[in-house]
>>> print(open('work07.cif').read())   # mmCIF, C-alpha atoms and all ligand atoms
data_protein
loop_
_atom_site.label_atom_id
_atom_site.label_comp_id
_atom_site.auth_asym_id
_atom_site.auth_seq_id
_atom_site.Cartn_x
_atom_site.Cartn_y
_atom_site.Cartn_z
CA MET A 222 8.26 11.66 -3.35
CA ILE A 223 6.45 11.14 -0.01
CA GLU A 224 2.85 9.92 0.03
CA LEU A 225 1.01 9.03 3.24
CA LYS A 226 -2.52 7.65 3.24
CA LYS A 227 -4.47 7.28 6.48
CA ILE A 228 -1.44 6.47 8.60
CA ASN A 229 -2.21 5.36 12.15
CA LYS A 230 0.26 4.58 14.89
CA SER A 231 -0.24 3.60 18.51
CA TYR A 232 2.22 2.85 21.26
CA GLN A 233 1.41 0.28 23.89
CA VAL A 234 1.82 2.08 27.19
CA GLY A 235 1.15 -0.30 30.06
CA ALA A 236 -2.20 -1.95 29.45
CA SER A 237 -3.75 0.63 27.15
CA PRO A 238 -2.67 1.76 23.66
CA LEU A 239 -1.75 5.41 23.10
CA HIS A 240 -3.05 6.53 19.69
CA VAL A 241 -0.26 8.90 18.55
CA LEU A 242 -0.91 9.40 14.80
CA LYS A 243 -4.49 9.52 13.53
CA ASP A 244 -5.38 9.12 9.84
CA ILE A 245 -2.42 11.12 8.58
CA ASP A 246 -2.73 12.03 4.88
CA LEU A 247 0.27 13.85 3.53
CA HIS A 248 1.98 14.51 0.23
CA ILE A 249 5.43 16.05 -0.05
CA ALA A 250 6.73 16.65 -3.56
CA GLU A 251 10.32 16.16 -4.64
CA GLY A 252 12.35 19.32 -4.02
CA GLU A 253 10.02 20.77 -1.39
CA MET A 254 11.28 22.23 1.88
CA VAL A 255 8.59 21.78 4.51
CA SER A 256 8.35 22.16 8.25
CA ILE A 257 6.30 20.12 10.71
CA MET A 258 5.09 22.05 13.75
CA GLY A 259 3.05 21.16 16.79
CA SER A 260 3.34 21.27 20.55
CA SER A 261 5.37 18.74 22.52
CA GLY A 262 3.76 15.30 22.36
CA SER A 263 1.73 16.02 19.22
CA GLY A 264 3.48 13.22 17.30
CA LYS A 265 6.11 15.09 15.29
CA SER A 266 9.03 12.76 16.06
CA THR A 267 6.85 9.69 15.63
CA LEU A 268 5.84 10.91 12.17
CA LEU A 269 9.43 11.75 11.23
CA ASN A 270 10.63 8.32 12.41
CA ILE A 271 8.03 6.62 10.21
CA LEU A 272 9.01 8.80 7.24
CA GLY A 273 12.67 7.93 7.87
CA ILE A 274 11.85 4.17 8.00
CA LEU A 275 13.16 4.06 11.56
CA ASP A 276 9.78 2.99 12.90
CA SER A 277 6.74 1.11 11.59
CA TYR A 278 3.07 2.10 11.52
CA ASP A 279 -0.12 0.15 12.27
CA SER A 280 -2.37 0.95 9.32
CA GLY A 281 -2.47 3.04 6.16
CA GLU A 282 0.11 3.30 3.40
CA TYR A 283 3.42 5.06 3.12
CA ARG A 284 5.07 5.34 -0.28
CA LEU A 285 8.56 6.74 -0.67
CA ASN A 286 9.64 7.25 -4.27
CA ASN A 287 6.62 5.13 -5.26
CA GLU A 288 7.80 2.18 -3.18
CA LEU A 289 5.38 0.91 -0.53
CA ILE A 290 7.13 1.12 2.83
CA GLN A 291 5.43 -1.68 4.72
CA HIS A 292 6.48 -4.92 6.39
CA LEU A 293 10.08 -4.40 5.31
CA SER A 294 12.90 -6.54 6.64
CA GLU A 295 15.47 -4.60 8.65
CA ALA A 296 17.97 -5.22 5.84
CA ARG A 297 15.65 -3.75 3.21
CA ALA A 298 14.81 -0.77 5.47
CA ALA A 299 18.53 -0.13 6.03
CA LYS A 300 19.17 -0.32 2.29
CA LEU A 301 16.44 2.22 1.53
CA ARG A 302 17.71 4.54 4.28
CA ASN A 303 21.21 4.31 2.81
CA GLN A 304 19.95 4.98 -0.69
CA TYR A 305 17.52 7.80 -0.10
CA ILE A 306 17.60 9.30 3.37
CA GLY A 307 19.76 11.60 5.46
CA PHE A 308 19.08 12.42 9.13
CA VAL A 309 19.87 15.47 11.23
CA PHE A 310 19.09 15.59 14.95
CA GLN A 311 18.75 18.25 17.63
CA SER A 312 21.64 16.79 19.64
CA PHE A 313 23.90 16.37 16.56
CA ASN A 314 24.67 12.70 17.43
CA LEU A 315 28.37 12.95 16.60
CA VAL A 316 30.75 10.23 17.77
CA SER A 317 32.78 11.94 20.49
CA PHE A 318 36.05 10.04 19.92
CA LYS A 319 36.17 10.65 16.18
CA ASN A 320 37.22 13.92 14.58
CA ALA A 321 34.99 16.01 12.31
CA MET A 322 36.22 14.36 9.11
CA GLU A 323 35.82 10.83 10.53
CA ASN A 324 32.30 11.67 11.70
CA VAL A 325 31.33 12.85 8.23
CA ALA A 326 32.94 9.73 6.71
CA LEU A 327 31.12 7.31 9.03
CA PRO A 328 28.16 6.43 6.73
CA LEU A 329 30.71 5.42 4.06
CA TYR A 330 32.51 3.20 6.57
CA TYR A 331 29.25 1.26 6.91
CA GLN A 332 29.08 1.08 3.11
CA LYS A 333 32.60 -0.42 3.20
CA VAL A 334 34.20 2.41 1.23
CA PRO A 335 38.01 2.29 1.73
CA ARG A 336 39.36 4.74 4.33
CA LYS A 337 41.35 6.97 1.99
CA GLN A 338 38.43 7.41 -0.36
CA ARG A 339 35.86 8.10 2.37
CA ASN A 340 38.10 10.62 4.15
CA LYS A 341 38.74 12.46 0.89
CA LEU A 342 35.02 12.74 0.24
CA ALA A 343 34.36 13.69 3.87
CA LEU A 344 36.83 16.55 3.53
CA GLU A 345 35.01 17.77 0.42
CA TYR A 346 31.70 17.79 2.30
CA LEU A 347 33.26 19.57 5.28
CA GLU A 348 34.50 22.24 2.90
CA LYS A 349 31.02 22.48 1.45
CA VAL A 350 29.60 23.34 4.90
CA GLY A 351 32.45 25.78 5.57
CA LEU A 352 34.45 23.63 7.97
CA GLY A 353 37.41 22.50 5.88
CA GLU A 354 39.82 23.92 8.44
CA TRP A 355 38.19 21.98 11.25
CA ALA A 356 38.62 18.47 9.83
CA THR A 357 40.91 17.17 12.56
CA HIS A 358 39.07 18.78 15.46
CA MET A 359 37.11 16.64 17.88
CA PRO A 360 33.40 17.34 18.53
CA ASN A 361 34.12 18.82 21.98
CA GLU A 362 36.29 21.46 20.28
CA LEU A 363 33.41 22.63 18.07
CA SER A 364 30.57 25.06 18.80
CA GLY A 365 26.96 23.89 18.56
CA GLY A 366 26.54 25.45 15.12
CA GLN A 367 29.75 23.80 13.89
CA LYS A 368 28.64 20.42 15.24
CA GLN A 369 25.36 20.73 13.38
CA ARG A 370 27.27 21.61 10.18
CA VAL A 371 29.33 18.44 10.65
CA ALA A 372 26.11 16.48 11.15
CA ILE A 373 24.65 18.01 7.97
CA ALA A 374 27.81 17.13 6.01
CA ARG A 375 27.50 13.57 7.37
CA SER A 376 23.87 13.40 6.23
CA LEU A 377 24.87 14.53 2.72
CA ILE A 378 27.79 12.20 2.08
CA THR A 379 25.58 9.33 0.92
CA LYS A 380 23.82 11.68 -1.56
CA PRO A 381 20.31 11.32 -0.14
CA LYS A 382 17.14 12.37 -1.97
CA VAL A 383 15.50 13.58 1.24
CA ILE A 384 16.73 14.86 4.58
CA PHE A 385 14.69 14.50 7.76
CA ALA A 386 15.74 16.93 10.47
CA ASP A 387 14.23 16.64 13.98
CA GLU A 388 14.53 20.04 15.68
CA PRO A 389 17.90 20.76 14.00
CA THR A 390 18.05 24.22 15.59
CA GLY A 391 16.59 23.19 18.94
CA ALA A 392 19.94 23.42 20.74
CA LEU A 393 21.21 26.57 18.98
CA ASP A 394 20.90 30.31 19.58
CA THR A 395 18.86 32.42 17.17
CA THR A 396 21.71 33.65 14.95
CA THR A 397 23.26 30.19 14.67
CA SER A 398 19.81 28.69 14.01
CA HIS A 399 19.31 31.00 11.06
CA ASP A 400 22.80 30.15 9.71
CA VAL A 401 21.96 26.44 9.90
CA MET A 402 18.62 27.05 8.17
CA GLU A 403 20.45 28.93 5.43
CA LEU A 404 22.72 25.93 4.95
CA LEU A 405 19.71 23.57 4.82
CA ARG A 406 18.11 25.87 2.25
CA SER A 407 21.21 25.80 0.05
CA VAL A 408 21.19 22.00 0.28
CA ASN A 409 17.50 22.04 -0.70
CA GLN A 410 18.30 24.27 -3.67
CA GLU A 411 20.52 21.49 -5.00
CA GLY A 412 17.35 19.41 -5.28
CA ILE A 413 17.26 17.56 -1.97
CA THR A 414 13.79 17.39 -0.39
CA MET A 415 13.87 18.74 3.16
CA VAL A 416 11.52 17.92 6.05
CA ILE A 417 12.20 19.86 9.23
CA VAL A 418 10.48 19.36 12.58
CA THR A 419 10.48 22.48 14.72
CA HIS A 420 8.41 24.15 17.38
CA GLU A 421 9.78 27.60 16.55
CA THR A 422 7.61 29.77 14.29
CA ASP A 423 10.54 31.83 12.99
CA ILE A 424 12.25 28.61 11.84
CA ALA A 425 9.07 27.26 10.21
CA GLU A 426 8.70 30.54 8.34
CA LEU A 427 12.02 29.86 6.61
CA THR A 428 10.50 26.81 4.90
CA ASP A 429 8.08 26.76 1.95
CA ARG A 430 5.16 25.15 3.76
CA THR A 431 4.21 24.23 7.29
CA ILE A 432 2.33 21.10 8.34
CA VAL A 433 0.75 21.53 11.77
CA LEU A 434 0.07 18.52 13.99
CA LYS A 435 -2.29 18.60 16.93
CA ASP A 436 -2.96 15.53 19.06
CA GLY A 437 -1.78 13.27 16.25
CA ARG A 438 -3.84 14.88 13.49
CA ILE A 439 -2.82 17.27 10.74
CA ILE A 440 -4.83 20.44 11.30
CA GLU A 441 -3.06 22.53 8.68
CA SER A 442 -0.84 21.46 5.80
CA ASN A 443 -0.71 24.28 3.33
CA SER A 444 0.21 27.42 5.19
CA LEU A 445 2.52 28.82 2.56
CA HIS A 446 5.28 31.23 3.35
CA VAL A 447 6.53 33.95 1.07
P1 LIG B 501 6.69 15.22 19.63
O1 LIG B 501 7.92 14.88 18.85
O2 LIG B 501 5.69 16.01 18.86
O3 LIG B 501 7.00 15.87 20.93
P2 LIG B 501 6.41 12.36 19.90
O4 LIG B 501 6.14 11.82 18.55
O5 LIG B 501 7.79 12.20 20.43
O6 LIG B 501 5.93 13.86 19.98
O7 LIG B 501 5.44 11.66 20.94
C1 LIG B 501 4.02 11.61 20.77
C2 LIG B 501 3.41 10.84 21.92
O8 LIG B 501 3.81 9.49 21.89
C3 LIG B 501 3.82 11.36 23.31
O9 LIG B 501 2.72 11.25 24.17
C4 LIG B 501 4.91 10.42 23.71
O10 LIG B 501 4.99 10.31 25.11
C5 LIG B 501 4.48 9.11 23.09
N1 LIG B 501 5.62 8.24 22.70
C6 LIG B 501 6.62 8.56 21.84
N2 LIG B 501 7.45 7.54 21.67
C7 LIG B 501 6.98 6.52 22.45
C8 LIG B 501 7.40 5.17 22.73
N3 LIG B 501 8.50 4.65 22.13
N4 LIG B 501 6.67 4.44 23.57
C9 LIG B 501 5.55 4.95 24.16
N5 LIG B 501 5.10 6.20 23.95
C10 LIG B 501 5.79 6.98 23.11
MG MG B 502 9.94 15.30 19.19
#
>>> encode(input="work07.cif", output="C-alpha cells")
Amino acid sequence: MIELKKINKSYQVGASPLHVLKDIDLHIAEGEMVSIMGSSGSGKSTLLNILGILDSYDSGEYRLNNELIQHLSEARAAKLRNQYIGFVFQSFNLVSFKNAMENVALPLYYQKVPRKQRNKLALEYLEKVGLGEWATHMPNELSGGQKQRVAIARSLITKPKVIFADEPTGALDTTTSHDVMELLRSVNQEGITMVIVTHETDIAELTDRTIVLKDGRIIESNSLHV
C-alpha cells in the first residue's frame, strides 16, 4: 500500500539546506497499524506530510497503491487525498463555528455532496464514534477526547484506505489517549491502514509495529509488539 525508496527531503533554511529525511526505505502493507517514533525534530511530521501528499520530496520514489506520487499537480494531489487518505492531528483542527455534525460533514461539502445527505452521513459517523448525542454541540463544548473523536469521524467520512495521525493523543490525558487508540484500532480492524506518529512508548506499543526515526534516518522498523 505504501512503498518508499530512498526518499530524501531537505528544507532551505537561510543559505544552507537542512537535510531532514535521509534515504528513507519503508514498506507498509494494507491493513497494518504502525507507529512512527523519534525525538522532536527527527523528521516524523515531514515524513507523514510526504506520505499524506501534503508535501513533496527531493529524490527517491513514493508509491501509494502502486501509483507513483511524484511531480503531481495540486489538483491530482487533492484528488488522491480525497480518494485514499484521512488525516488526524494533535490539535484536532475542528472549525470552531461549526457544530460537531457540520465538522464531520465538511469533507463532503468540498465534494459538493448536498447538505441533507452529508449531514445524514455525518450523524452516522458521529454515532459510530459514540457521539450521536453531541451532534449539535460546538467544539468548545466538547472535551479533548470528544474533539478527537469528531476529528476521527471527519477523517472516516470519505472512506479512506489509510489514515495518517500526527500525535493524535499528544493533547490528551492517559486514559483518554488509550480510549482514542482503541477507537483507532477498531477503525483499523475494518481494514483501514493506520499510521500514527507519537513520541509516547505506551501509545506505540498499542500498534503492531514501530518505525523509529533518528536524525532523519530509520534506525528500526520492525520492532513488533504482541
Ligand atoms: P518532528 O515531527 O519529528 O518533530 P519535523 O519533521 O517537524 O520533526 O522537523 C524535522 C526538522 O525539519 C526540524 O529540524 C524542523 O525544524 C525542520 N523543519 C520542519 N518543517 C520545516 C519547514 N517548513 N521549513 C524549514 N525547516 C523545517
Ligand atoms: Mg512533529
>>> residues_around(input="work07.cif", residues="Arg339 (chain A)", least_positions_apart="4", cutoff="12 Å", atoms="only C-alpha atoms", output="list of chain:residue names")
A:Met322, A:Glu323, A:Asn324, A:Val325, A:Ala326, A:Leu327, A:Pro328, A:Leu329, A:Tyr330, A:Tyr331, A:Gln332, A:Lys333, A:Val334, A:Pro335, A:Ala343, A:Leu344, A:Glu345, A:Tyr346, A:Arg375, A:Ile378, A:Thr379
>>> residues_around(input="work07.cif", residues="region 414-431 of chain A", least_positions_apart="5", cutoff="6 Å", atoms="only C-alpha atoms", output="mmCIF file with C-alpha atoms, keeping the file's coordinate frame")
data_model
loop_
_atom_site.group_PDB
_atom_site.id
_atom_site.type_symbol
_atom_site.label_atom_id
_atom_site.label_comp_id
_atom_site.auth_asym_id
_atom_site.auth_seq_id
_atom_site.Cartn_x
_atom_site.Cartn_y
_atom_site.Cartn_z
ATOM 1 C CA GLU A 251 10.320 16.160 -4.640
ATOM 2 C CA GLY A 252 12.350 19.320 -4.020
ATOM 3 C CA GLU A 253 10.020 20.770 -1.390
ATOM 4 C CA MET A 254 11.280 22.230 1.880
ATOM 5 C CA VAL A 255 8.590 21.780 4.510
ATOM 6 C CA SER A 256 8.350 22.160 8.250
ATOM 7 C CA ILE A 257 6.300 20.120 10.710
ATOM 8 C CA MET A 258 5.090 22.050 13.750
ATOM 9 C CA VAL A 383 15.500 13.580 1.240
ATOM 10 C CA ILE A 384 16.730 14.860 4.580
ATOM 11 C CA PHE A 385 14.690 14.500 7.760
ATOM 12 C CA ALA A 386 15.740 16.930 10.470
ATOM 13 C CA ASP A 387 14.230 16.640 13.980
ATOM 14 C CA GLU A 388 14.530 20.040 15.680
ATOM 15 C CA ASN A 409 17.500 22.040 -0.700
ATOM 16 C CA SER A 442 -0.840 21.460 5.800
ATOM 17 C CA ASN A 443 -0.710 24.280 3.330
ATOM 18 C CA SER A 444 0.210 27.420 5.190
ATOM 19 C CA LEU A 445 2.520 28.820 2.560
ATOM 20 C CA HIS A 446 5.280 31.230 3.350
#
>>> residues_near_ligand(input="work07.cif", ligand="ligand LIG 501 (chain B)", cutoff="8 Å", atoms="only C-alpha atoms and all ligand atoms", output="short mmCIF file (atom, residue, chain, number, x, y, z; two decimals) with C-alpha atoms, in the frame of the given file")
data_model
loop_
_atom_site.label_atom_id
_atom_site.label_comp_id
_atom_site.auth_asym_id
_atom_site.auth_seq_id
_atom_site.Cartn_x
_atom_site.Cartn_y
_atom_site.Cartn_z
CA SER A 231 -0.24 3.60 18.51
CA TYR A 232 2.22 2.85 21.26
CA GLN A 233 1.41 0.28 23.89
CA VAL A 234 1.82 2.08 27.19
CA LEU A 239 -1.75 5.41 23.10
CA HIS A 240 -3.05 6.53 19.69
CA VAL A 241 -0.26 8.90 18.55
CA MET A 258 5.09 22.05 13.75
CA GLY A 259 3.05 21.16 16.79
CA SER A 260 3.34 21.27 20.55
CA SER A 261 5.37 18.74 22.52
CA GLY A 262 3.76 15.30 22.36
CA SER A 263 1.73 16.02 19.22
CA GLY A 264 3.48 13.22 17.30
CA LYS A 265 6.11 15.09 15.29
CA SER A 266 9.03 12.76 16.06
CA THR A 267 6.85 9.69 15.63
CA LEU A 268 5.84 10.91 12.17
CA LEU A 434 0.07 18.52 13.99
CA GLY A 437 -1.78 13.27 16.25
#
>>> atom_distance(input="work07.cif", atom1="CA of Lys300 (chain A)", atom2="CA of Arg284 (chain A)")
15.4 Å
>>> residues_around(input="work07.cif", residues="Leu315 (chain A)", least_positions_apart="6", cutoff="8 Å", atoms="all atoms listed in the file", output="NGL selection string")
:A and (324 or 360 or 368 or 372)
>>> atom_distance(input="work07.cif", atom1="CA of Met222 (chain A)", atom2="CA of Ile290 (chain A)")
12.3 Å
>>> closest_residue(input="work07.cif", among="A:Val309, A:Leu247, A:Ile413, A:Leu269", to="ligand MG 502 (chain B)", atoms="only C-alpha atoms and all ligand atoms")
A:Leu269
>>> atom_distance(input="work07.cif", atom1="CA of Asp436 (chain A)", atom2="CA of Ile245 (chain A)")
11.4 Å
>>> closest_residue(input="work07.cif", among="A:Phe310, A:Thr357, A:Thr395, A:Ile439", to="ligand MG 502 (chain B)", atoms="all atoms listed in the file")
A:Phe310
>>> axis_aligned_box(input="work07.cif", around="region 400-419 of chain A", padding_each_side="6 Å", output="lines of an AutoDock Vina configuration file")
center_x = 16.6
center_y = 23.8
center_z = 4.7
size_x = 24.3
size_y = 24.8
size_z = 32.0
>>> closest_residue(input="work07.cif", among="A:Tyr283, A:Ser376, A:Leu293, A:Gly391", to="ligand MG 502 (chain B)", atoms="all atoms listed in the file")
A:Gly391
